[in-house]
Structure formats: structure tokens, C-alpha cells
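Below is final.pdb, which holds PDB, C-alpha atoms.
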MODEL        1
ATOM      1  CA  LYS A  28      36.739   1.924  44.155
ATOM      2  CA  THR A  29      39.863   2.887  42.254
ATOM      3  CA  VAL A  30      40.704   1.121  39.029
ATOM      4  CA  GLN A  31      44.352   0.860  38.069
ATOM      5  CA  ASP A  32      45.720   0.271  34.552
ATOM      6  CA  GLY A  33      47.031  -3.160  35.538
ATOM      7  CA  ASP A  34      43.724  -4.329  36.994
ATOM      8  CA  ALA A  35      41.890  -5.345  33.801
ATOM      9  CA  ALA A  36      38.997  -7.087  35.554
ATOM     10  CA  ALA A  37      38.299  -4.130  37.799
ATOM     11  CA  GLY A  38      38.738  -1.789  34.820
ATOM     12  CA  SER A  39      36.170  -3.586  32.709
ATOM     13  CA  GLU A  40      33.783  -3.852  35.682
ATOM     14  CA  GLY A  41      34.076  -0.124  36.408
ATOM     15  CA  GLY A  42      33.762   0.684  32.709
ATOM     16  CA  GLU A  43      30.639  -1.457  32.421
ATOM     17  CA  THR A  44      29.151   0.301  35.439
ATOM     18  CA  ILE A  45      29.881   3.716  33.927
ATOM     19  CA  VAL A  46      28.502   2.647  30.519
ATOM     20  CA  GLY A  47      25.267   1.470  32.158
ATOM     21  CA  TRP A  48      25.043   4.740  34.046
ATOM     22  CA  ILE A  49      25.603   6.741  30.827
ATOM     23  CA  VAL A  50      22.952   4.697  28.997
ATOM     24  CA  ASP A  51      20.471   5.728  31.701
ATOM     25  CA  LYS A  52      21.532   9.347  31.149
ATOM     26  CA  LEU A  53      21.074   8.925  27.383
ATOM     27  CA  ALA A  54      17.542   7.659  27.910
ATOM     28  CA  SER A  55      16.701  10.753  29.930
ATOM     29  CA  GLY A  56      18.310  13.042  27.324
ATOM     30  CA  GLU A  57      21.129  14.224  29.599
ATOM     31  CA  VAL A  58      23.952  12.999  27.331
ATOM     32  CA  GLU A  59      24.381  13.749  23.629
ATOM     33  CA  LEU A  60      26.077  10.886  21.765
ATOM     34  CA  SER A  61      27.179  13.097  18.906
ATOM     35  CA  ASP A  62      29.116  15.365  21.301
ATOM     36  CA  GLU A  63      32.367  13.888  22.633
ATOM     37  CA  THR A  64      32.573  16.601  25.308
ATOM     38  CA  SER A  65      29.126  15.604  26.580
ATOM     39  CA  ILE A  66      30.221  11.962  26.770
ATOM     40  CA  ARG A  67      33.439  12.816  28.624
ATOM     41  CA  GLN A  68      31.531  15.030  31.064
ATOM     42  CA  ALA A  69      29.098  12.176  31.692
ATOM     43  CA  ILE A  70      32.015   9.814  32.369
ATOM     44  CA  ALA A  71      33.506  12.273  34.873
ATOM     45  CA  GLU A  72      30.126  12.757  36.545
ATOM     46  CA  GLY A  73      29.617   8.989  36.684
ATOM     47  CA  GLU A  74      33.022   8.503  38.266
ATOM     48  CA  ARG A  75      32.152  11.049  40.955
ATOM     49  CA  GLU A  76      28.655   9.722  41.657
ATOM     50  CA  LEU A  77      29.607   6.043  41.565
ATOM     51  CA  GLY A  78      32.976   6.414  43.280
ATOM     52  CA  ILE A  79      34.858   4.823  40.371
ATOM     53  CA  THR A  80      38.100   6.063  38.874
ATOM     54  CA  LEU A  81      38.843   4.833  35.370
ATOM     55  CA  ALA A  82      42.133   4.818  33.531
ATOM     56  CA  GLN A  83      42.336   7.187  30.546
ATOM     57  CA  LYS A  84      42.357   4.253  28.116
ATOM     58  CA  ASP A  85      39.076   3.008  29.610
ATOM     59  CA  LYS A  86      37.543   6.467  29.296
ATOM     60  CA  ASP A  87      38.703   6.646  25.671
ATOM     61  CA  ALA A  88      37.237   3.195  25.027
ATOM     62  CA  ILE A  89      33.877   4.301  26.462
ATOM     63  CA  VAL A  90      33.922   7.437  24.302
ATOM     64  CA  GLY A  91      34.704   5.282  21.256
ATOM     65  CA  PHE A  92      31.889   2.888  22.134
ATOM     66  CA  MET A  93      29.397   5.725  22.590
ATOM     67  CA  ARG A  94      30.438   7.339  19.298
ATOM     68  CA  THR A  95      29.941   3.968  17.589
ATOM     69  CA  LEU A  96      26.439   3.807  19.059
ATOM     70  CA  ASP A  97      25.789   7.276  17.659
ATOM     71  CA  ASN A  98      26.995   6.187  14.210
ATOM     72  CA  ILE A  99      24.782   3.095  14.340
ATOM     73  CA  GLU A 100      21.788   5.170  15.421
ATOM     74  CA  THR A 101      22.442   7.754  12.703
ATOM     75  CA  GLY A 102      22.903   4.968  10.162
ATOM     76  CA  ALA A 103      19.618   3.394  11.231
ATOM     77  CA  GLU A 104      17.833   6.739  10.922
ATOM     78  CA  ASP A 105      19.357   7.277   7.462
ATOM     79  CA  PHE A 106      18.329   3.757   6.453
ATOM     80  CA  MET A 107      14.762   4.331   7.641
ATOM     81  CA  GLU A 108      14.570   7.635   5.779
ATOM     82  CA  GLN A 109      15.883   6.002   2.590
ATOM     83  CA  ALA A 110      13.449   3.104   2.993
ATOM     84  CA  LYS A 111      10.586   5.582   3.437
ATOM     85  CA  GLU A 112      11.639   7.517   0.324
ATOM     86  CA  MET A 113      11.943   4.300  -1.688
ATOM     87  CA  TYR A 114       8.541   3.138  -0.491
ATOM     88  CA  GLN A 115       6.972   6.459  -1.447
ATOM     89  CA  LYS A 116       8.651   6.448  -4.860
ATOM     90  CA  TYR A 117       7.942   2.839  -5.722
ATOM     91  CA  SER A 118       4.485   2.718  -4.202
ATOM     92  CA  ALA A 119       3.528   5.774  -6.297
ATOM     93  CA  GLU A 120       4.977   4.096  -9.400
ATOM     94  CA  PHE A 121       3.163   0.884  -8.495
ATOM     95  CA  VAL A 122      -0.135   2.736  -8.110
ATOM     96  CA  GLU A 123       0.391   4.474 -11.474
ATOM     97  CA  GLU A 124       1.283   1.199 -13.187
ATOM     98  CA  THR A 125      -1.695  -0.541 -11.592
ATOM     99  CA  ASN A 126      -4.027   2.279 -12.650
ATOM    100  CA  ASP A 127      -2.640   2.120 -16.195
ATOM    101  CA  ALA A 128      -3.143  -1.647 -16.320
ATOM    102  CA  ILE A 129      -6.693  -1.343 -14.985
ATOM    103  CA  ASN A 130      -7.522   1.430 -17.440
ATOM    104  CA  GLU A 131      -6.140  -0.616 -20.338
ATOM    105  CA  ALA A 132      -8.155  -3.636 -19.227
ATOM    106  CA  VAL A 133     -11.345  -1.556 -18.920
ATOM    107  CA  GLU A 134     -10.760   0.065 -22.315
ATOM    108  CA  SER A 135     -10.102  -3.327 -23.871
ATOM    109  CA  ALA A 136     -13.211  -4.814 -22.264
ATOM    110  CA  ALA A 137     -15.313  -1.824 -23.344
ATOM    111  CA  LYS A 138     -13.931  -2.040 -26.879
ATOM    112  CA  SER A 139     -14.607  -5.786 -27.002
ATOM    113  CA  ALA A 140     -18.080  -5.256 -25.602
ATOM    114  CA  GLY A 141     -18.690  -2.496 -28.149
ATOM    115  CA  GLU A 142     -17.442  -4.688 -30.983
ATOM    116  CA  SER A 143     -19.536  -7.582 -29.713
ATOM    117  CA  PHE A 144     -22.594  -5.331 -29.491
ATOM    118  CA  ALA A 145     -21.945  -3.946 -32.996
ATOM    119  CA  ASP A 146     -21.463  -7.486 -34.354
ATOM    120  CA  SER A 147     -24.633  -8.632 -32.598
ATOM    121  CA  LEU A 148     -26.591  -5.666 -33.972
ATOM    122  CA  LYS A 149     -25.214  -6.275 -37.466
ATOM    123  CA  ASN A 150     -26.099  -9.970 -37.235
ATOM    124  CA  ALA A 151     -29.582  -9.153 -35.953
ATOM    125  CA  VAL A 152     -30.221  -6.683 -38.808
ATOM    126  CA  THR A 153     -28.867  -9.183 -41.362
ATOM    127  CA  ASP A 154     -31.034 -11.940 -39.941
ATOM    128  CA  PHE A 155     -34.100  -9.647 -39.976
ATOM    129  CA  MET A 156     -33.429  -8.581 -43.556
ATOM    130  CA  GLU A 157     -32.937 -12.147 -44.706
ATOM    131  CA  ARG A 158     -36.413 -13.156 -43.533
TER     132      ARG A 158
ENDMDL
END
Would you encode the structure as C-alpha cells?
Amino acid sequence: KTVQDGDAAAGSEGGETIVGWIVDKLASGEVELSDETSIRQAIAEGERELGITLAQKDKDAIVGFMRTLDNIETGAEDFMEQAKEMYQKYSAEFVEETNDAINEAVESAAKSAGESFADSLKNAVTDFMER
């Protein structure tokens, strides 16, 4: 099937077929999205195997689309790495703050208990002495 510049429907159909074929190649690791040469070679190989001839503008559009996918994937990886770093940073801070709050509460409770015990002992001694 030959796709001419003027045949937009056939061009998009052939382009879609090639894109699907390249996506299969991506999944198997045979095409590297970050390498334009790899993408163009995959397009040429797809044209040969599928019997499709694309116009240069369609090939360029596919390359652009694949590069956009690479940017999205890289952006997603960067986002996940940043989210992981933020989680590690803030979860560590949260744990420290929680530990500090617990320690303060325990110290306060121990101090109150100690004061209560001392007051109770003082009151008991006073009561005993007053008898």
C-alpha cells in the first residue's frame, strides 16, 4: 500500500499502523525512544515489513510523537523520583516530630506523676505528723 501526500486518510491509517508496530517494538526493547535514529530505523523497517510507504511529513510526525512519549515517560520518572525523595524527607521529619511529641508527653506525664507522688508523700507525712 503506497500512501501519497494528498491521501490524508490513507496517510493517517498507514501512520497509525506503523505507530502500533513501533509500540510493539518498544515493548520488546527493540526501539529506543530517546534516540531519533532508532525511531527512524524502526519506521523504515515497519514500512518494509508492513508494505506501507509514508510521506516524509508523516514520518516526521511519528518521530515527533515518539519523542513526546519519551519526554512524558522521562517526566513521569522524574516526578516519581521527586515524590519518593519528598516522601523520604517528610516521612523522616514526621517520624522525628512524632518521636519528639511522644517524648515530651512521656516526660510531662512522668513529671506530673512524680509531682503527684511527691505531693501525696508530703501530704501523707503531714497527716501522720498531725495525728
Between A:Glu76, A:Val90, A:Leu81, A:Lys116, single out the one closest to Thr64 (chain A), counting all atoms listed in the file. A:Val90
Counting all atoms listed in the file, which of A:Ile129, A:Leu60, A:Val46, A:Leu77 gets nearest to Asn98 (chain A)?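 Under the stated criterion, the closest residue is A:Leu60.
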Just give me the gap between CA of Thr44 (chain A) and CA of Phe92 (chain A) in Å, one decimal is fine.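 Spanning CA of Thr44 (chain A) to CA of Phe92 (chain A) is a straight-line distance of 13.8 Å.
The space between CA of Ala110 (chain A) and CA of Thr95 (chain A) spans 22.0 Å.
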To one decimal place in Å, what is the distance between CA of Glu108 (chain A) and CA of Glu123 (chain A)? 22.6 Å
Within 10 Å of region 71-75 of chain A, counting all atoms listed in the file, which residues qualify if same-chain residues fewer than 5 places away don't, as a list in words?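 Everything that qualifies: Lys28, Thr29, Gly41, Gly42, Thr44, Ile45, Val46, Gly47, Trp48, Ile49, Lys52, Ser65, Ile66, Thr80, Leu81 and Lys86 of chain A.
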Centre, edges in Å (one decimal): axis-aligned box, region 67-86 of chain A, 4 Å padding on all six sides, as AutoDock Vina command-line options:
--center_x 35.5 --center_y 9.0 --center_z 35.7 --size_x 21.7 --size_y 20.0 --size_z 23.2
Could you state which residues are captured by the PyMOL selection byres ((chain A and resi 61) around 7) in this file, as a ChimeraX atom specification? /A:59-60,62-63,94,97
Pull C-alpha atoms from the residues just selected and write them as an mmCIF file, in the frame of the given file.
data_model
loop_
_atom_site.group_PDB
_atom_site.id
_atom_site.type_symbol
_atom_site.label_atom_id
_atom_site.label_comp_id
_atom_site.auth_asym_id
_atom_site.auth_seq_id
_atom_site.Cartn_x
_atom_site.Cartn_y
_atom_site.Cartn_z
ATOM 1 C CA GLU A 59 24.381 13.749 23.629
ATOM 2 C CA LEU A 60 26.077 10.886 21.765
ATOM 3 C CA ASP A 62 29.116 15.365 21.301
ATOM 4 C CA GLU A 63 32.367 13.888 22.633
ATOM 5 C CA ARG A 94 30.438 7.339 19.298
ATOM 6 C CA ASP A 97 25.789 7.276 17.659
#
